[in-house]
Amino acid sequence: MTGAEVLDVAYDAIWVMIKTAAPVMFIALSVGLLIALFQALTQIQEMTLTFVPKIIAIFLALFAFLPFMGESLGGLMQRIAERIAGLA
């Protein structure tokens with residue numbers, strides 16, 4: 001395996017990692033921003049108010065995006081397995 005092929009696999013893996021993590025991270029960021037805005041407007045400084053809605057939103061986002069995430073990771077594994085089989 002040449003250096004260019006290694007970089008190609010690494011680029012593909014990093015791109016898949018970004019694609020799979022981005023939806024959940026954006027949802028967590030937006031829920032956190034909304035909760036921070038709500039806390040600033042109402043002056044409620046309850047610590048559990050920040051964690052519980054974020055955990056629920058992340059769980060729902062994982063549940064909703066799990067097929068897409070599995071398809072992306074499965075496609076990456078398929079491409080890597082084809083490269084390994086091509087080298088043998």
# chains A, B, ... in the order shown; residues from 1 in each chain; ligands from 1
>>> residues_around(residues="segment 12-15 of chain A", least_positions_apart="4", cutoff="8 Å", atoms="only C-alpha atoms", output="PyMOL selection string")
chain A and resi 8+19+76
>>> residues_around(residues="segment 60-67 of chain A", least_positions_apart="6", cutoff="12 Å", atoms="only C-alpha atoms", output="list in words")
Lys19, Thr20, Ala21, Ala22, Pro23, Val24, Met25, Phe26, Ile27, Ala28, Val31, Pro53, Lys54, Leu73 and Gly74 of chain A
>>> atom_distance(atom1="atom CA of Ile58 of chain A", atom2="atom CA of Ile44 of chain A")
22.5 Å
>>> atom_distance(atom1="atom CA of Glu82 of chain A", atom2="atom CA of Met1 of chain A")
13.1 Å
>>> residues_around(residues="Ile35 of chain A", least_positions_apart="2", cutoff="9 Å", atoms="only C-alpha atoms", output="list of chain:residue names")
A:Ser30, A:Val31, A:Gly32, A:Leu33, A:Leu37, A:Phe38, A:Gln39, A:Ala40, A:Leu49, A:Thr50, A:Pro53, A:Lys54
>>> atom_distance(atom1="atom CA of Val6 of chain A", atom2="atom CA of Ala85 of chain A")
15.2 Å
>>> closest_residue(among="A:Ala57, A:Leu7, A:Ile18, A:Leu87", to="Leu34 of chain A", atoms="only C-alpha atoms")
A:Ala57
>>> closest_residue(among="A:Phe59, A:Phe51, A:Ile84, A:Leu29", to="Glu5 of chain A", atoms="only C-alpha atoms")
A:Ile84
>>> decode(residues="segment 36-48 of chain A", atoms="N, CA and C atoms", output="mmCIF file, in the first residue's frame")
data_model
loop_
_atom_site.group_PDB
_atom_site.id
_atom_site.type_symbol
_atom_site.label_atom_id
_atom_site.label_comp_id
_atom_site.auth_asym_id
_atom_site.auth_seq_id
_atom_site.Cartn_x
_atom_site.Cartn_y
_atom_site.Cartn_z
ATOM 1 N N ALA A 36 -29.528 27.771 27.151
ATOM 2 C CA ALA A 36 -28.768 28.902 27.686
ATOM 3 C C ALA A 36 -29.529 30.210 27.498
ATOM 4 N N LEU A 37 -30.170 30.366 26.344
ATOM 5 C CA LEU A 37 -30.979 31.557 26.118
ATOM 6 C C LEU A 37 -32.155 31.615 27.085
ATOM 7 N N PHE A 38 -32.808 30.478 27.285
ATOM 8 C CA PHE A 38 -33.924 30.408 28.233
ATOM 9 C C PHE A 38 -33.459 30.740 29.650
ATOM 10 N N GLN A 39 -32.304 30.213 30.047
ATOM 11 C CA GLN A 39 -31.783 30.510 31.378
ATOM 12 C C GLN A 39 -31.405 31.980 31.516
ATOM 13 N N ALA A 40 -30.868 32.569 30.488
ATOM 14 C CA ALA A 40 -30.497 33.978 30.555
ATOM 15 C C ALA A 40 -31.725 34.872 30.631
ATOM 16 N N LEU A 41 -32.775 34.491 29.909
ATOM 17 C CA LEU A 41 -33.989 35.308 29.916
ATOM 18 C C LEU A 41 -34.768 35.183 31.215
ATOM 19 N N THR A 42 -34.794 34.000 31.796
ATOM 20 C CA THR A 42 -35.589 33.785 33.014
ATOM 21 C C THR A 42 -34.761 33.846 34.288
ATOM 22 N N GLN A 43 -33.463 33.901 34.178
ATOM 23 C CA GLN A 43 -32.537 33.923 35.307
ATOM 24 C C GLN A 43 -32.685 32.694 36.193
ATOM 25 N N ILE A 44 -33.053 31.578 35.588
ATOM 26 C CA ILE A 44 -33.083 30.292 36.298
ATOM 27 C C ILE A 44 -31.719 29.651 36.109
ATOM 28 N N GLN A 45 -31.024 29.372 37.185
ATOM 29 C CA GLN A 45 -29.686 28.796 37.095
ATOM 30 C C GLN A 45 -29.667 27.382 37.674
ATOM 31 N N GLU A 46 -30.560 26.561 37.240
ATOM 32 C CA GLU A 46 -30.634 25.176 37.686
ATOM 33 C C GLU A 46 -29.693 24.333 36.827
ATOM 34 N N MET A 47 -28.811 23.579 37.458
ATOM 35 C CA MET A 47 -27.819 22.800 36.720
ATOM 36 C C MET A 47 -28.447 21.647 35.946
ATOM 37 N N THR A 48 -29.473 21.028 36.510
ATOM 38 C CA THR A 48 -30.078 19.895 35.803
ATOM 39 C C THR A 48 -30.845 20.345 34.574
#
